[in-house]
Structures are given as structure tokens and as C-alpha cells.
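K.L.:
The following file, entry_26.cif, comprises mmCIF, C-alpha atoms (C1' of nucleotides):
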data_query
loop_
_atom_site.label_atom_id
_atom_site.label_comp_id
_atom_site.auth_asym_id
_atom_site.auth_seq_id
_atom_site.Cartn_x
_atom_site.Cartn_y
_atom_site.Cartn_z
CA MET W 602 23.38 -17.62 -11.59
CA GLY W 603 19.92 -16.07 -11.69
CA THR W 604 17.52 -18.97 -11.49
CA ASP W 605 14.56 -18.98 -13.78
CA SER W 606 12.01 -18.58 -11.01
CA ARG W 607 14.03 -15.81 -9.46
CA GLU W 608 13.99 -13.75 -12.61
CA ARG W 609 10.31 -14.40 -13.09
CA MET W 610 9.63 -13.03 -9.61
CA VAL W 611 11.51 -9.83 -10.37
CA ARG W 612 9.65 -9.34 -13.63
CA SER W 613 6.30 -10.05 -12.03
CA ALA W 614 7.04 -7.63 -9.21
CA ALA W 615 7.82 -4.88 -11.70
CA TYR W 616 4.65 -5.73 -13.60
CA LEU W 617 2.41 -5.75 -10.55
CA PHE W 618 3.92 -2.62 -9.01
CA ARG W 619 2.78 -0.70 -12.07
CA GLU W 620 -0.85 -1.41 -11.35
CA ARG W 621 -1.12 -1.81 -7.60
CA GLY W 622 1.92 -0.05 -6.24
CA TYR W 623 4.40 -1.28 -3.68
CA SER W 624 2.20 -1.62 -0.61
CA GLY W 625 -0.65 -2.88 -2.74
CA THR W 626 1.36 -5.77 -4.12
CA GLY W 627 1.87 -8.68 -1.75
CA PHE W 628 4.38 -11.48 -1.96
CA ARG W 629 1.50 -13.82 -2.57
CA ASP W 630 0.51 -11.80 -5.63
CA VAL W 631 4.03 -12.05 -6.99
CA ILE W 632 4.06 -15.80 -6.43
CA ALA W 633 0.70 -16.27 -8.09
CA HIS W 634 1.57 -14.12 -11.09
CA SER W 635 5.02 -15.53 -11.69
CA GLY W 636 4.21 -19.15 -10.91
CA ALA W 637 7.36 -19.22 -8.82
CA PRO W 638 7.60 -21.44 -5.75
CA ARG W 639 6.73 -19.89 -2.43
CA GLY W 640 9.37 -21.52 -0.34
CA SER W 641 12.32 -19.96 -2.10
CA ILE W 642 11.38 -16.35 -1.57
CA TYR W 643 13.74 -15.78 1.29
CA HIS W 644 16.33 -17.96 -0.32
CA HIS W 645 16.53 -15.67 -3.34
CA PHE W 646 15.67 -12.48 -1.49
CA PRO W 647 17.03 -12.71 2.06
CA ASP W 648 16.18 -9.07 2.71
CA GLY W 649 12.56 -9.66 1.86
CA LYS W 650 10.23 -7.41 -0.04
CA ALA W 651 12.53 -4.40 -0.15
CA GLN W 652 15.18 -6.40 -1.95
CA LEU W 653 12.71 -7.75 -4.46
CA ALA W 654 11.49 -4.21 -5.09
CA GLU W 655 15.02 -2.94 -5.50
CA GLU W 656 15.77 -5.51 -8.17
CA ALA W 657 12.45 -4.83 -9.86
CA VAL W 658 13.37 -1.16 -10.04
CA ARG W 659 16.75 -1.99 -11.51
CA TYR W 660 15.17 -4.35 -14.02
CA ALA W 661 12.61 -1.80 -15.17
CA GLY W 662 15.24 0.92 -15.33
CA ASP W 663 17.59 -1.17 -17.48
CA PHE W 664 14.78 -2.32 -19.71
CA LEU W 665 13.60 1.14 -20.62
CA ASN W 666 17.09 2.54 -20.90
CA ALA W 667 17.86 -0.01 -23.58
CA GLY W 668 14.91 1.29 -25.55
CA ILE W 669 15.99 4.91 -25.27
CA LEU W 670 19.55 3.98 -26.16
CA ALA W 671 18.45 2.19 -29.31
CA ALA W 672 16.44 5.22 -30.41
CA THR W 673 19.28 7.60 -29.60
CA GLU W 674 21.67 5.72 -31.84
CA GLY W 675 19.39 6.62 -34.70
CA GLY W 676 20.87 10.10 -34.38
CA ASP W 677 17.76 12.24 -33.96
CA PRO W 678 17.17 13.43 -30.36
CA ALA W 679 13.51 14.09 -31.05
CA SER W 680 12.99 10.46 -32.01
CA ALA W 681 14.57 9.43 -28.71
CA VAL W 682 11.80 11.34 -26.99
CA ASP W 683 9.37 9.40 -29.12
CA ALA W 684 10.88 6.11 -28.01
CA PHE W 685 10.73 7.15 -24.39
CA VAL W 686 7.13 8.22 -24.70
CA GLY W 687 6.05 5.46 -27.04
CA TRP W 688 6.72 2.77 -24.50
CA TRP W 689 4.45 4.33 -21.94
CA ARG W 690 1.79 5.11 -24.45
CA GLN W 691 1.61 1.44 -25.17
CA VAL W 692 1.61 0.44 -21.51
CA LEU W 693 -1.14 2.90 -20.70
CA ILE W 694 -3.42 1.87 -23.53
CA LYS W 695 -2.87 -1.87 -23.22
CA SER W 696 -3.66 -1.76 -19.51
CA GLU W 697 -6.62 0.54 -20.02
CA PHE W 698 -4.80 3.15 -17.95
CA ARG W 699 -4.37 0.89 -14.98
CA ALA W 700 -0.59 0.63 -15.24
CA GLY W 701 2.07 3.28 -14.93
CA CYS W 702 5.74 3.36 -14.07
CA PRO W 703 6.83 0.87 -11.41
CA ILE W 704 9.72 3.06 -10.33
CA VAL W 705 7.37 5.94 -9.67
CA ALA W 706 5.17 3.65 -7.64
CA VAL W 707 8.08 2.55 -5.48
CA THR W 708 9.41 6.08 -5.08
CA VAL W 709 6.07 7.48 -3.99
CA GLU W 710 5.55 4.84 -1.32
CA CYS W 711 9.09 4.25 -0.21
CA HIS W 712 9.53 4.34 3.54
CA ASP W 713 12.51 5.53 5.52
CA ASP W 714 13.45 1.94 6.28
CA ALA W 715 14.56 1.32 2.71
CA PRO W 716 17.01 4.02 1.67
CA GLN W 717 18.64 1.86 -1.00
CA LEU W 718 15.26 1.63 -2.71
CA ALA W 719 15.20 5.35 -3.32
CA ALA W 720 18.81 5.18 -4.46
CA ALA W 721 17.98 2.51 -7.03
CA ALA W 722 15.10 4.63 -8.31
CA ALA W 723 17.31 7.70 -8.53
CA ALA W 724 19.92 5.69 -10.43
CA ALA W 725 17.33 4.57 -12.96
CA PHE W 726 16.06 8.10 -13.51
CA ASP W 727 19.62 9.35 -13.87
CA ARG W 728 20.48 6.72 -16.43
CA TRP W 729 17.52 7.67 -18.58
CA GLN W 730 18.44 11.31 -18.27
CA ASP W 731 22.07 10.65 -19.19
CA THR W 732 21.10 8.63 -22.21
CA LEU W 733 18.78 11.36 -23.44
CA ALA W 734 21.36 14.06 -22.67
CA THR W 735 24.05 12.20 -24.58
CA GLY W 736 21.78 12.12 -27.59
CA LEU W 737 21.29 15.87 -27.33
CA GLY W 738 25.00 16.38 -26.85
CA ASN W 739 25.75 14.45 -30.02
CA ALA W 740 23.38 16.80 -31.82
CA GLY W 741 25.45 19.76 -30.67
CA VAL W 742 23.56 20.95 -27.63
CA ALA W 743 25.78 22.21 -24.80
CA ASP W 744 26.23 19.78 -21.94
CA ASP W 745 24.49 21.69 -19.16
CA ARG W 746 21.56 22.64 -21.34
CA ALA W 747 21.31 19.05 -22.56
CA ALA W 748 21.22 17.80 -18.99
CA ARG W 749 18.45 20.22 -18.03
CA LEU W 750 16.40 19.40 -21.10
CA ALA W 751 16.80 15.67 -20.53
CA ARG W 752 15.74 16.08 -16.93
CA LEU W 753 12.68 18.06 -17.98
CA THR W 754 11.82 15.32 -20.44
CA VAL W 755 12.01 12.56 -17.83
CA ALA W 756 10.02 14.56 -15.31
CA ALA W 757 7.37 15.68 -17.78
CA VAL W 758 6.81 12.25 -19.25
CA GLU W 759 6.54 10.61 -15.85
CA GLY W 760 4.15 13.32 -14.76
CA ALA W 761 2.15 12.98 -17.94
CA THR W 762 1.63 9.25 -17.43
CA ILE W 763 0.11 10.06 -14.06
CA LEU W 764 -2.21 12.60 -15.66
CA CYS W 765 -3.16 10.00 -18.26
CA ARG W 766 -4.06 7.46 -15.60
CA ALA W 767 -6.26 9.98 -13.82
CA HIS W 768 -7.97 11.05 -17.03
CA ARG W 769 -8.03 7.58 -18.56
CA ASP W 770 -6.84 9.21 -21.74
CA VAL W 771 -3.56 9.59 -23.62
CA ALA W 772 -4.21 13.25 -24.45
CA PRO W 773 -2.00 14.62 -21.63
CA LEU W 774 0.93 12.58 -22.86
CA ASP W 775 0.37 13.71 -26.43
CA ASP W 776 0.21 17.35 -25.38
CA VAL W 777 3.35 17.08 -23.33
CA VAL W 778 5.34 15.25 -25.97
CA ALA W 779 4.37 17.82 -28.58
CA GLU W 780 5.83 20.62 -26.48
CA LEU W 781 8.88 18.56 -25.58
CA LYS W 782 9.72 17.75 -29.17
CA ASP W 783 9.26 21.38 -30.12
CA MET W 784 11.65 22.32 -27.38
CA THR W 785 14.17 19.66 -28.36
CA ARG W 786 14.15 20.72 -32.01
CA ARG W 787 14.59 24.35 -31.07
CA ALA W 788 17.53 23.52 -28.81
CA VAL W 789 19.23 21.56 -31.58
CA GLN W 790 18.58 24.34 -34.07
CA GLU W 791 19.97 27.03 -31.80
CA ALA W 792 23.10 24.98 -31.20
CA GLN W 793 24.03 24.91 -34.82
CA MET X 851 -22.19 20.84 8.36
CA GLY X 852 -18.66 19.50 8.32
CA THR X 853 -17.86 18.57 11.89
CA ASP X 854 -14.50 19.49 13.26
CA SER X 855 -13.27 15.94 13.58
CA ARG X 856 -14.46 15.11 10.10
CA GLU X 857 -12.42 17.89 8.56
CA ARG X 858 -9.41 16.93 10.61
CA MET X 859 -9.65 13.39 9.25
CA VAL X 860 -9.66 14.65 5.67
CA ARG X 861 -6.68 16.89 6.28
CA SER X 862 -4.76 14.15 8.05
CA ALA X 863 -5.50 11.71 5.25
CA ALA X 864 -4.11 14.15 2.70
CA TYR X 865 -1.09 14.68 4.88
CA LEU X 866 -0.39 11.01 5.43
CA PHE X 867 -1.01 10.01 1.81
CA ARG X 868 1.85 12.27 0.82
CA GLU X 869 4.33 10.20 2.81
CA ARG X 870 2.97 6.67 2.86
CA GLY X 871 0.60 6.51 -0.08
CA TYR X 872 -2.95 5.22 -0.18
CA SER X 873 -2.39 1.55 0.64
CA GLY X 874 0.31 2.45 3.11
CA THR X 875 -1.99 4.67 5.15
CA GLY X 876 -4.44 2.86 7.38
CA PHE X 877 -7.56 4.19 8.99
CA ARG X 878 -5.82 3.76 12.31
CA ASP X 879 -3.04 6.07 11.16
CA VAL X 880 -5.57 8.72 10.19
CA ILE X 881 -7.28 8.41 13.56
CA ALA X 882 -4.01 8.65 15.46
CA HIS X 883 -2.74 11.64 13.48
CA SER X 884 -5.96 13.63 13.51
CA GLY X 885 -6.96 12.80 17.05
CA ALA X 886 -10.42 12.08 15.72
CA PRO X 887 -12.63 9.45 17.35
CA ARG X 888 -12.55 5.99 15.85
CA GLY X 889 -16.19 5.19 16.19
CA SER X 890 -17.44 7.84 13.85
CA ILE X 891 -15.45 6.85 10.80
CA TYR X 892 -18.32 5.13 9.06
CA HIS X 893 -20.69 7.76 10.26
CA HIS X 894 -18.82 10.47 8.39
CA PHE X 895 -17.59 8.28 5.57
CA PRO X 896 -20.16 5.57 4.87
CA ASP X 897 -18.29 4.43 1.77
CA GLY X 898 -15.15 3.82 3.78
CA LYS X 899 -11.61 4.51 2.84
CA ALA X 900 -12.31 5.36 -0.78
CA GLN X 901 -14.62 8.18 0.24
CA LEU X 902 -12.11 9.58 2.69
CA ALA X 903 -9.46 9.47 -0.02
CA GLU X 904 -11.76 11.17 -2.50
CA GLU X 905 -12.37 14.07 -0.15
CA ALA X 906 -8.68 14.27 0.68
CA VAL X 907 -7.95 14.59 -3.02
CA ARG X 908 -10.54 17.33 -3.38
CA TYR X 909 -9.19 19.13 -0.35
CA ALA X 910 -5.61 19.04 -1.58
CA GLY X 911 -6.67 20.08 -5.07
CA ASP X 912 -8.61 23.09 -3.81
CA PHE X 913 -5.88 24.09 -1.45
CA LEU X 914 -3.18 24.26 -4.07
CA ASN X 915 -5.43 25.81 -6.66
CA ALA X 916 -6.05 28.73 -4.33
CA GLY X 917 -2.32 29.30 -4.17
CA ILE X 918 -1.91 29.28 -7.93
CA LEU X 919 -4.89 31.55 -8.35
CA ALA X 920 -3.48 34.10 -5.94
CA ALA X 921 -0.19 34.16 -7.81
CA THR X 922 -1.92 34.39 -11.17
CA GLU X 923 -3.77 37.50 -10.12
CA GLY X 924 -0.39 39.17 -9.76
CA GLY X 925 -0.41 39.25 -13.56
CA ASP X 926 2.86 37.52 -14.39
CA PRO X 927 2.44 33.93 -15.62
CA ALA X 928 6.04 33.06 -14.74
CA SER X 929 5.41 33.95 -11.11
CA ALA X 930 2.41 31.63 -11.14
CA VAL X 931 4.80 28.83 -12.01
CA ASP X 932 6.89 29.92 -9.06
CA ALA X 933 3.92 29.71 -6.75
CA PHE X 934 3.03 26.28 -8.05
CA VAL X 935 6.58 25.06 -7.60
CA GLY X 936 7.29 26.93 -4.40
CA TRP X 937 4.68 25.03 -2.49
CA TRP X 938 6.22 21.68 -3.32
CA ARG X 939 9.73 22.90 -2.76
CA GLN X 940 8.70 23.70 0.77
CA VAL X 941 6.90 20.39 1.28
CA LEU X 942 9.86 18.41 -0.01
CA ILE X 943 12.44 20.17 2.12
CA LYS X 944 10.38 20.30 5.31
CA SER X 945 9.65 16.59 5.10
CA GLU X 946 13.24 15.74 4.19
CA PHE X 947 11.95 14.41 0.87
CA ARG X 948 9.55 11.99 2.44
CA ALA X 949 6.41 13.75 1.26
CA GLY X 950 5.11 14.38 -2.22
CA CYS X 951 1.73 15.03 -3.81
CA PRO X 952 -1.17 13.15 -2.23
CA ILE X 953 -3.13 13.18 -5.46
CA VAL X 954 -0.28 11.50 -7.29
CA ALA X 955 -0.13 8.87 -4.57
CA VAL X 956 -3.81 8.12 -4.90
CA THR X 957 -3.70 8.08 -8.70
CA VAL X 958 -0.77 5.69 -8.82
CA GLU X 959 -2.38 3.18 -6.49
CA CYS X 960 -6.01 3.57 -7.41
CA HIS X 961 -7.77 0.28 -8.11
CA ASP X 962 -10.59 -0.38 -10.51
CA ASP X 963 -13.05 -0.55 -7.64
CA ALA X 964 -12.87 3.21 -7.12
CA PRO X 965 -13.44 4.99 -10.42
CA GLN X 966 -14.61 8.20 -8.78
CA LEU X 967 -11.23 8.46 -7.10
CA ALA X 968 -9.48 8.78 -10.43
CA ALA X 969 -12.13 11.27 -11.52
CA ALA X 970 -11.50 13.45 -8.48
CA ALA X 971 -7.77 13.37 -9.18
CA ALA X 972 -8.33 14.28 -12.83
CA ALA X 973 -10.55 17.17 -11.77
CA ALA X 974 -7.87 18.53 -9.48
CA PHE X 975 -5.22 18.32 -12.19
CA ASP X 976 -7.56 19.98 -14.65
CA ARG X 977 -8.32 22.83 -12.29
CA TRP X 978 -4.65 23.57 -11.80
CA GLN X 979 -4.11 23.45 -15.52
CA ASP X 980 -7.05 25.76 -16.19
CA THR X 981 -5.86 28.26 -13.63
CA LEU X 982 -2.38 28.33 -15.12
CA ALA X 983 -3.76 28.50 -18.66
CA THR X 984 -6.01 31.42 -17.77
CA GLY X 985 -2.98 33.28 -16.50
CA LEU X 986 -1.18 32.63 -19.77
CA GLY X 987 -4.27 33.65 -21.72
CA ASN X 988 -4.43 36.96 -19.88
CA ALA X 989 -0.83 37.54 -20.91
CA GLY X 990 -1.82 37.15 -24.56
CA VAL X 991 -0.95 33.53 -25.26
CA ALA X 992 -3.40 31.76 -27.58
CA ASP X 993 -5.83 29.45 -25.85
CA ASP X 994 -4.69 26.11 -27.23
CA ARG X 995 -1.04 26.90 -26.75
CA ALA X 996 -1.77 28.11 -23.23
CA ALA X 997 -3.56 24.87 -22.44
CA ARG X 998 -0.69 22.74 -23.70
CA LEU X 999 1.89 24.80 -21.83
CA ALA X 1000 -0.12 24.63 -18.63
CA ARG X 1001 -0.47 20.89 -18.99
CA LEU X 1002 3.25 20.53 -19.50
CA THR X 1003 3.83 22.60 -16.39
CA VAL X 1004 1.59 20.45 -14.23
CA ALA X 1005 3.07 17.22 -15.57
CA ALA X 1006 6.67 18.37 -15.31
CA VAL X 1007 6.34 19.71 -11.78
CA GLU X 1008 4.60 16.58 -10.54
CA GLY X 1009 7.24 14.47 -12.23
CA ALA X 1010 10.02 16.62 -10.80
CA THR X 1011 8.77 16.15 -7.25
CA ILE X 1012 9.08 12.41 -7.77
CA LEU X 1013 12.64 12.80 -9.03
CA CYS X 1014 13.41 14.97 -6.01
CA ARG X 1015 12.13 12.31 -3.62
CA ALA X 1016 14.28 9.66 -5.27
CA HIS X 1017 17.35 11.88 -5.24
CA ARG X 1018 16.62 13.46 -1.87
CA ASP X 1019 17.50 16.77 -3.46
CA VAL X 1020 15.63 19.76 -4.89
CA ALA X 1021 17.92 20.05 -7.90
CA PRO X 1022 15.55 18.26 -10.31
CA LEU X 1023 12.76 20.66 -9.43
CA ASP X 1024 15.04 23.66 -9.87
CA ASP X 1025 16.22 22.42 -13.26
CA VAL X 1026 12.70 21.80 -14.43
CA VAL X 1027 11.33 25.11 -13.23
CA ALA X 1028 14.17 26.98 -14.94
CA GLU X 1029 13.25 25.46 -18.29
CA LEU X 1030 9.55 25.97 -17.66
CA LYS X 1031 9.91 29.64 -16.85
CA ASP X 1032 12.11 30.12 -19.90
CA MET X 1033 9.42 28.50 -21.98
CA THR X 1034 6.66 30.57 -20.40
CA ARG X 1035 8.47 33.83 -20.96
CA ARG X 1036 9.19 32.95 -24.56
CA ALA X 1037 5.55 32.10 -25.19
CA VAL X 1038 4.41 35.40 -23.72
CA GLN X 1039 7.02 37.30 -25.73
CA GLU X 1040 6.04 35.62 -28.99
CA ALA X 1041 2.40 36.41 -28.38
CA GLN X 1042 2.99 40.14 -28.26
"C1'" DG H 324 27.46 -44.48 -1.47
"C1'" DA H 325 28.13 -40.50 1.77
"C1'" DG H 326 28.15 -35.77 2.24
"C1'" DT H 327 27.19 -31.05 0.87
"C1'" DT H 328 24.75 -27.38 -1.20
"C1'" DC H 329 21.11 -25.35 -3.69
"C1'" DC H 330 16.29 -25.02 -4.21
"C1'" DT H 331 11.49 -25.90 -2.98
"C1'" DA H 332 7.05 -27.45 -0.24
"C1'" DT H 333 4.18 -26.59 3.51
"C1'" DG H 334 2.36 -24.45 7.27
"C1'" DA H 335 2.33 -21.35 10.62
"C1'" DC H 336 3.62 -16.90 13.47
"C1'" DG H 337 1.97 -12.29 15.10
"C1'" DA H 338 0.56 -8.09 13.33
"C1'" DT H 339 -2.32 -5.21 10.82
"C1'" DC H 340 -5.74 -4.38 7.44
"C1'" DG H 341 -10.78 -2.42 6.30
"C1'" DT H 342 -15.11 -3.00 8.09
"C1'" DC H 343 -18.88 -3.09 11.08
"C1'" DA H 344 -22.20 -4.01 15.23
"C1'" DT H 345 -23.45 -2.61 19.53
"C1'" DG H 346 -24.16 0.55 23.15
"C1'" DG H 347 -23.34 4.91 24.94
"C1'" DT H 348 -23.34 10.35 25.33
"C1'" DC H 349 -25.25 14.73 24.45
"C1'" DA H 350 -27.74 18.58 22.22
"C1'" DA H 351 -31.70 19.95 19.96
"C1'" DT H 352 -36.53 19.53 18.93
"C1'" DG H 353 -41.49 18.61 19.80
"C1'" DC Y 279 -40.26 15.27 29.72
"C1'" DA Y 280 -39.79 12.38 25.82
"C1'" DT Y 281 -37.81 11.40 21.47
"C1'" DT Y 282 -34.83 11.76 17.88
"C1'" DG Y 283 -30.69 11.88 15.52
"C1'" DA Y 284 -25.83 13.13 15.33
"C1'" DC Y 285 -21.68 11.67 17.21
"C1'" DC Y 286 -18.32 8.78 19.80
"C1'" DA Y 287 -16.23 4.43 22.55
"C1'" DT Y 288 -15.09 -0.20 22.31
"C1'" DG Y 289 -14.29 -4.50 20.60
"C1'" DA Y 290 -14.42 -7.74 17.40
"C1'" DC Y 291 -14.86 -10.10 12.54
"C1'" DG Y 292 -12.33 -12.42 8.72
"C1'" DA Y 293 -8.81 -11.59 5.69
"C1'" DT Y 294 -4.31 -10.62 4.38
"C1'" DC Y 295 0.13 -8.90 5.33
"C1'" DG Y 296 5.56 -9.94 5.60
"C1'" DT Y 297 8.28 -13.23 7.62
"C1'" DC Y 298 10.29 -17.44 8.86
"C1'" DA Y 299 11.17 -22.48 10.53
"C1'" DT Y 300 11.26 -26.98 9.32
"C1'" DA Y 301 11.80 -30.60 6.33
"C1'" DG Y 302 12.09 -32.89 1.80
"C1'" DG Y 303 14.17 -33.45 -2.86
"C1'" DA Y 304 17.57 -32.87 -6.53
"C1'" DA Y 305 22.12 -32.42 -8.16
"C1'" DC Y 306 26.83 -32.32 -7.64
"C1'" DT Y 307 31.48 -33.39 -5.32
"C1'" DC Y 308 34.61 -36.64 -3.17
#
Write out the structure in this file as C-alpha cells.

P.N.:
Amino acid sequence: MGTDSRERMVRSAAYLFRERGYSGTGFRDVIAHSGAPRGSIYHHFPDGKAQLAEEAVRYAGDFLNAGILAATEGGDPASAVDAFVGWWRQVLIKSEFRAGCPIVAVTVECHDDAPQLAAAAAAAFDRWQDTLATGLGNAGVADDRAARLARLTVAAVEGATILCRAHRDVAPLDDVVAELKDMTRRAVQEAQ
Amino acid sequence: MGTDSRERMVRSAAYLFRERGYSGTGFRDVIAHSGAPRGSIYHHFPDGKAQLAEEAVRYAGDFLNAGILAATEGGDPASAVDAFVGWWRQVLIKSEFRAGCPIVAVTVECHDDAPQLAAAAAAAFDRWQDTLATGLGNAGVADDRAARLARLTVAAVEGATILCRAHRDVAPLDDVVAELKDMTRRAVQEAQ
DNA sequence: GAGTTCCTATGACGATCGTCATGGTCAATG
DNA sequence: CATTGACCATGACGATCGTCATAGGAACTC
């Protein structure tokens, strides 16, 4: 099914989008980074760059959701927040604050001519939110409150990574996660 | 000092960055949108696109800070959150979710070859945070807590605008602001 | 072995990018 | 009047963009 070079292209696209954004990443960059052959681009991705981006968004979304899910199964909602945040902490530091979230990059630059790109991004955000909300629900928090809290968590963490990139410092993320975990613990406590 | 056409270019750059991002906005787009003359680009901005972007970031940062400041002087910190959020609510809806924050766009795409661009973005974020924190401080909230809460507010609202663009809906922003105002009110209450 | 399908190599297409050089206009200054 | 400097018009530069056409090779079916 998915050829090796095809999957490498998707992964490289997601990787490069984090640093240079959608418009800033060319097909030639993806080829160079992935080592994939040039001639098969439009064989694997007949719809061109938008299709590659869409699959990169899906890949990144699934990847991170798996991490959140694993942490949620531990039982503690606050540790799920840690898993969600921990991944980006690592990405930020390892890249010296050059890399952020590829889905954010695509969303911010997405044109009108690619509506399914925004839809893929929205689906990824929703999946993260649902996974976090399910964890809160299992801890006894009411469904609608859990959904709102999970949404705040996704939004705040994504926003914090942007602040971190501007500041070249993880302090914003640490501040935000401290408040979020406080909030999560209080919600769980009130529910019991 | 600032010529008319020069200021128009800065404003247009900020406007266009919101929809198409930094890489996605060409000098030609800025010229066309602002009606400014092409020949004087490198007269006004000798350092090229990066300089234009830097001033656009400063302009947008100042503009929004003035709005927050005005709302803060009303005395109620929760209404300052409303002012901060209200501006983006309007931008999102009027643009049919095509436009977001220009500073976010620049931060997400900023290369290594423009370190002062990230610094300008960080300064804008910090100013917003300080203004919000001052409002909380005037309401009796302790300084460090006020700073953390203000930072969370900035991060969450910026993140929520991204979610709104992906979803083409203001619901994420409404959810986030509801939790934020709850949190703000509780902090003020606890401080008294 | 012939035919078919998947994948890749190579090179080019028109468009657009940021940048800049050159020559002009026009107001202010001496 | 002469000179200067701020500002604008035009056109081009090399590079890179996304896209695609053509052709070759590899593997599998009959």
C-alpha cells in the first residue's frame, strides 16, 4: 500500500512545515530531506502540494493523539496534560525554538483553495480534545465541562508554543501548564 | 517623518499577513493592496521584507495593546479579557475565518536569518501580557499569579483563534473565553 | 516472451519570488 | 538659480516556485 518513499515524504513534510511553514516549504525541500525520488511526486500525490500537506496534517495529528491516549490510560488527567505538553517541550528545545506545530503552520497559511486542509486540521484538533475530554470524563468531570476544559488545554498549549518560539524560551509553556494542571485538578476535585 | 505611503505599506502588510502569512505575502501584494508606489520600497525599508514585517508586527502589537489598555482602565479585569477576545472575534467573523493574528503568522514562519523579527513578536506578546497583568494587579491579584494568568490568557486566546480558523467557527474562542473569565473572576475573588 | 501496471528519472514550462539599478519628479534649502 | 535629497516609475536580475510530460525500468500476470 503506502510505499516507503511515499511515507517518508509525508513525514518529511510534517517535519519541515514545523520550521518553515507551508508556503516556506517547497517540494524540492521535501524531496531533499526525505531522499525520495522526484519523479513520483504526482504519482503518489496527484493533487499536488495540498494533498501532501493534508496527509502530513493527518500524520502529525495521529502521532500526537497516540501519545495523549497512552498518558490518559494511566488514569490521571493531569498527567495527560503533561504528555501533551511534554512532546512540544522536547520539540521546542531540540530545535532551539525553530520548530512548532505543523498543523498550526498549515492552518495559519491555508488558502481558500484548499478547504479540506482546514478540515483535516480541525479533525486533528478535535481528536486531541476528545481524547483529553474522555480522560477528564473518566475522572468524573461532567461532559460539557470536560469538553470546554480540554478545548482550553489544546488552545493554550498551542498558543504557548508560539509564545515560546517568539521568546526562545520554554517559560511561557511552563507557566501555562502550571495553571492548566491547577485547573484540571480543581475540576476533578469538585466533581467528586 | 513617516510618509503616508510608508505607513500604508506597514498597515497593508499586517493586514495581508493575517490571511496569507509571511511567506505567502509578496511585496507585490503589499504594493497592490496599499496602493503605494513600487519604487520606494527599498527607500523606506532598506532591509527589505524582514524590516517591513518587523514594523508590521510592532504596529499590530501597539494597536491591540491600546484596546486592552482602554478596557483595563474600566477597572474590571474580566472585561479586559472581553476586549482582548472581542477584537479577534470580529476579525475572524468579518474575514469568514480567513484572517488571524499577523504576529502569530510571522512567528510561526520566522527563519533564523531574522532574529529581530522574533524579538519584535515577543515584545508585542509581552506588552499584552503586562497590560492584562496590571489590570489583575489593580484588582488585588498577587503579581506572580497575575503574570501567569495573563500569560495563559494570551496563549489561550491566540491558540483559540487558530482553532476557530480550522473549524470555521467561533465556538472554540467562546469556550475558551468562558473558562478564562471564570478563572479571572475566581482569582480576583480569592485575592480579596 | 508479451503485455500491463506501478514506480522513478530527467528536464522543462510559465509564473512569481525578493532584490536592486537606473532615471525621473518635485519640494525645500542655500 | 542651483543643488540637494526625499520619493516614485520602470524594468530587469537570478532564483525558486508548483506542476507536468515524456520516457525508462522493474515486477507481476497471462

K.L.:
Decode the PyMOL selection byres ((chain H) within 10 of (chain W)) for the given file into explicit residues and return them as a PyMOL selection string.

P.N.:
chain H and resi 329-333

K.L.:
Convert the current residue selection to file output with C-alpha atoms (C1' of nucleotides), as a CSV table (one decimal), in the frame of the given file.

P.N.:
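Result file selection-v4.csv:
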chain,number,residue,atom,x,y,z
H,329,DC,C1',21.1,-25.4,-3.7
H,330,DC,C1',16.3,-25.0,-4.2
H,331,DT,C1',11.5,-25.9,-3.0
H,332,DA,C1',7.0,-27.4,-0.2
H,333,DT,C1',4.2,-26.6,3.5

K.L.:
If we count all atoms listed in the file, which residues of chain W reach to within 9 Å of chain X? Please list them as a ChimeraX atom specification.

P.N.:
/W:618-625,699-702,705-706,708-713,718-724,726,748-750,752-769,773-774,776-781,784

K.L.:
To one decimal place, how far is CA of Asp744 in chain W from CA of Gln730 in chain W in Å?

P.N.:
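So the two atoms, CA of Asp744 in chain W and CA of Gln730 in chain W, lie 12.1 Å apart.
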
K.L.:
For the provided coordinates, the residues matched by the PyMOL selection byres ((chain W) within 8 of (chain Y)) should be stated as a PDB file with C-alpha atoms, keeping the file's coordinate frame.

P.N.:
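Wrote it out as result_25.pdb, contents follow:
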ATOM      1  CA  GLY W 627       1.870  -8.680  -1.750  1.00  0.00           C
ATOM      2  CA  PHE W 628       4.380 -11.480  -1.960  1.00  0.00           C
ATOM      3  CA  GLY W 649      12.560  -9.660   1.860  1.00  0.00           C
ATOM      4  CA  LYS W 650      10.230  -7.410  -0.040  1.00  0.00           C
TER       5      LYS W 650
END

K.L.:
Mind giving me the straight-line distance from CA of Leu986 in chain X to CA of Arg939 in chain X in Å, one decimal?

P.N.:
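These atoms are spaced 22.4 Å apart.
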
K.L.:
So how far away is CA of Ala900 in chain X from C1' of DT339 in chain H, in Å?

P.N.:
18.6 Å

K.L.:
Hey, what comes out of the PyMOL selection byres ((chain W and resi 658-674) around 6) on this file? Could you write it as a PyMOL selection string?

P.N.:
chain W and resi 655-657+675-676+681+684-685+704+725+729+736

K.L.:
Using only C-alpha atoms, can you tell me which of X:Val1020, X:Val880, X:Ala992, X:Leu866 comes closest to Leu942 in chain X?

P.N.:
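Answer, going by the shortest atom-to-atom distance: X:Val1020.
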
K.L.:
Using only C-alpha atoms (C1' of nucleotides), which residues sit within 9 Å of Arg1035 in chain X once same-chain residues fewer than 5 positions away are excluded, as a list in words?

P.N.:
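The residues satisfying every condition are Pro927, Ala928, Leu1030 and Glu1040 of chain X.
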
K.L.:
Using all atoms listed in the file, which of the listed residues (X:Asp854, X:Asp1019, X:Asp1032, X:Asp994) sits closest to Lys944 in chain X?

P.N.:
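The closest residue to Lys944 in chain X is X:Asp1019.
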